[in-house]
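*Asks:* To be precise about what I am sending: the file is called target-v8.pdb and holds PDB, C-alpha atoms and all ligand atoms.
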```pdb
ATOM      1  CA  MET A   1      30.856 -51.024  -2.428
ATOM      2  CA  LYS A   2      27.071 -51.002  -1.849
ATOM      3  CA  ILE A   3      27.488 -48.965   1.336
ATOM      4  CA  VAL A   4      29.431 -46.308  -0.575
ATOM      5  CA  TRP A   5      26.589 -45.943  -3.131
ATOM      6  CA  LEU A   6      24.043 -45.807  -0.297
ATOM      7  CA  LEU A   7      26.027 -43.032   1.391
ATOM      8  CA  ALA A   8      26.324 -41.156  -1.913
ATOM      9  CA  GLY A   9      22.561 -41.428  -2.359
ATOM     10  CA  ILE A  10      21.854 -40.115   1.130
ATOM     11  CA  ILE A  11      24.262 -37.207   0.659
ATOM     12  CA  GLY A  12      22.676 -36.449  -2.721
ATOM     13  CA  LEU A  13      19.147 -36.432  -1.267
ATOM     14  CA  ALA A  14      20.284 -34.267   1.635
ATOM     15  CA  GLY A  15      21.868 -31.892  -0.854
ATOM     16  CA  ILE A  16      18.623 -31.630  -2.836
ATOM     17  CA  ALA A  17      16.629 -31.076   0.367
ATOM     18  CA  LEU A  18      19.064 -28.366   1.450
ATOM     19  CA  ALA A  19      18.871 -26.704  -1.987
ATOM     20  CA  VAL A  20      15.040 -26.670  -1.893
ATOM     21  CA  PHE A  21      15.071 -25.250   1.637
ATOM     22  CA  PHE A  22      17.655 -22.641   0.606
ATOM     23  CA  PHE A  23      15.673 -21.454  -2.437
ATOM     24  CA  ARG A  24      12.420 -21.325  -0.447
ATOM     25  CA  SER A  25      14.049 -19.181   2.230
ATOM     26  CA  LEU A  26      15.420 -16.933  -0.534
ATOM     27  CA  SER A  27      12.077 -16.512  -2.294
ATOM     28  CA  LYS A  28      10.019 -15.806   0.859
ATOM     29  CA  PRO A  29      11.431 -12.366   1.777
ATOM     30  CA  LYS A  30      11.120 -11.241  -1.854
ATOM     31  CA  THR A  31       7.358 -11.887  -1.945
ATOM     32  CA  SER A  32       6.804 -10.178   1.418
ATOM     33  CA  GLN A  33       8.740  -7.135   0.182
ATOM     34  CA  ASN A  34       6.498  -6.999  -2.885
ATOM     35  CA  VAL A  35       3.390  -7.008  -0.684
ATOM     36  CA  VAL A  36       4.770  -4.117   1.367
ATOM     37  CA  HIS A  37       5.500  -2.143  -1.799
ATOM     38  CA  ILE A  38       1.966  -2.695  -3.130
ATOM     39  CA  SER A  39       0.329  -1.610   0.135
ATOM     40  CA  GLN A  40       2.493   1.521   0.272
ATOM     41  CA  TYR A  41       1.525   2.305  -3.325
ATOM     42  CA  LYS A  42      -2.174   1.895  -2.505
ATOM     43  CA  LYS A  43      -1.880   4.226   0.491
ATOM     44  CA  LYS A  44      -0.276   6.888  -1.700
ATOM     45  CA  THR A  45      -2.943   6.661  -4.412
ATOM     46  CA  ALA A  46      -5.766   6.668  -1.848
ATOM     47  CA  ARG A  47      -4.363   9.855  -0.327
ATOM     48  CA  GLY A  48      -4.096  11.523  -3.758
ATOM     49  CA  ALA A  49      -7.556  10.389  -4.834
ATOM     50  CA  GLN A  50      -9.444  12.853  -2.621
ATOM     51  CA  LYS A  51     -11.902  14.890  -4.631
ATOM     52  CA  CYS A  52     -12.985  18.421  -3.988
ATOM     53  CA  THR A  53     -16.720  18.472  -3.183
ATOM     54  CA  TYR A  54     -17.387  21.550  -5.317
ATOM     55  CA  CYS A  55     -15.188  21.330  -8.428
ATOM     56  CA  LYS A  56     -14.514  17.533  -8.298
ATOM     57  CA  LYS A  57     -10.803  18.037  -8.923
ATOM     58  CA  ARG A  58      -8.421  15.447  -7.485
ATOM     59  CA  VAL A  59      -6.214  17.260  -4.993
ATOM     60  CA  ASP A  60      -3.407  16.148  -2.668
ATOM     61  CA  SER A  61      -4.731  18.033   0.352
ATOM     62  CA  LEU A  62      -8.281  19.127   1.074
ATOM     63  CA  THR A  63      -9.543  21.535   3.710
ATOM     64  CA  PHE A  64     -12.606  20.162   5.500
ATOM     65  CA  TYR A  65     -15.582  22.296   6.451
ATOM     66  CA  SER A  66     -18.872  21.504   8.137
ATOM     67  CA  GLY A  67     -21.630  22.307   5.668
ATOM     68  CA  HIS A  68     -25.056  23.823   6.254
ATOM     69  CA  GLU A  69     -26.814  20.471   6.863
ATOM     70  CA  GLY A  70     -24.068  19.123   9.092
ATOM     71  CA  LYS A  71     -22.348  17.452   6.168
ATOM     72  CA  VAL A  72     -18.561  17.400   5.997
ATOM     73  CA  ILE A  73     -17.243  19.017   2.825
ATOM     74  CA  GLY A  74     -13.682  18.620   1.550
ATOM     75  CA  LEU A  75     -12.557  21.587  -0.516
ATOM     76  CA  CYS A  76      -9.466  22.463  -2.556
ATOM     77  CA  ARG A  77      -7.647  25.759  -2.086
ATOM     78  CA  ASP A  78      -9.713  27.612  -4.702
ATOM     79  CA  CYS A  79     -13.051  26.428  -3.336
ATOM     80  CA  SER A  80     -12.092  27.043   0.303
ATOM     81  CA  ARG A  81     -12.177  30.771  -0.566
ATOM     82  CA  LEU A  82     -15.809  30.313  -1.616
ATOM     83  CA  ALA A  83     -16.489  28.462   1.650
ATOM     84  CA  LYS A  84     -15.194  31.417   3.681
ATOM     85  CA  HIS A  85     -17.682  33.660   1.815
ATOM     86  CA  GLN A  86     -20.477  31.245   2.772
ATOM     87  CA  ASP A  87     -19.380  31.360   6.471
ATOM     88  CA  LEU A  88     -18.644  27.634   6.636
ATOM     89  CA  MET A  89     -16.793  26.477   9.742
ATOM     90  CA  PRO A  90     -13.407  24.768   9.112
ATOM     91  CA  ILE A  91     -12.998  21.456  10.957
TER      92      ILE A  91
HETATM   93 ZN    ZN A 101     -12.472  22.727  -5.625
END
```
Kindly transcribe the structure held in the file into structure tokens.
Ligand SMILES: [Zn+2]

*Replies:*
Amino acid sequence: MKIVWLLAGIIGLAGIALAVFFFRSLSKPKTSQNVVHISQYKKKTARGAQKCTYCKKRVDSLTFYSGHEGKVIGLCRDCSRLAKHQDLMPI
């Protein structure tokens, strides 16, 4: 009878070990997916956070010009009209 209990114990421990391994393998891809989502979100916000040099508005797309002192200026659509009047060169 002792051998039967020993076998039951071994099977039980193996079952617990398998369950732990199974849940770890389940939880790993979830965390990595979360990291991917966060990095994608950051990329999107960084792209949308560009400010116009003149009016300081946050715009999705800026047009870049080389300024008078060699500085690069990012301008929104409205301000790029002003830049054309000032003969700034688009990059
Ligand atoms: Zn502007």

*Asks:* Smallest atom-to-atom distance to ligand ZN 101 (chain A): which of A:Leu62, A:Ile16, A:Cys76, A:Leu6, using all atoms listed in the file?

*Replies:* A:Cys76

*Asks:* Given a cut-off of 10 Å, what residues near ligand ZN 101 (chain A) show up using only C-alpha atoms and all ligand atoms, put as JSON, numbers by chain?

*Replies:* {"A": [51, 52, 53, 54, 55, 56, 57, 58, 59, 62, 63, 74, 75, 76, 77, 78, 79, 80, 81, 82]}

*Asks:* Tell me, in Å to one decimal, how far atom CA of Gly70 of chain A is from atom CA of Gln50 of chain A.

*Replies:*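 Pair atom CA of Gly70 of chain A / atom CA of Gln50 of chain A returns 19.8 Å.
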
*Asks:* Using Å and a single decimal, report how far atom CA of Gly15 of chain A sits from atom CA of Lys2 of chain A.

*Replies:* 19.8 Å

*Asks:* What separation in Å, quoted to one decimal, exists between atom CA of Gln86 of chain A and atom CA of Phe64 of chain A?

*Replies:* 13.9 Å

*Asks:* Since I can't run it myself right now, could you work out what the PyMOL selection byres (((chain A and resi 88) around 7) and not hetatm) selects here and report it as a PyMOL selection string?

*Replies:* chain A and resi 65-67+83-84+86-87+89-90
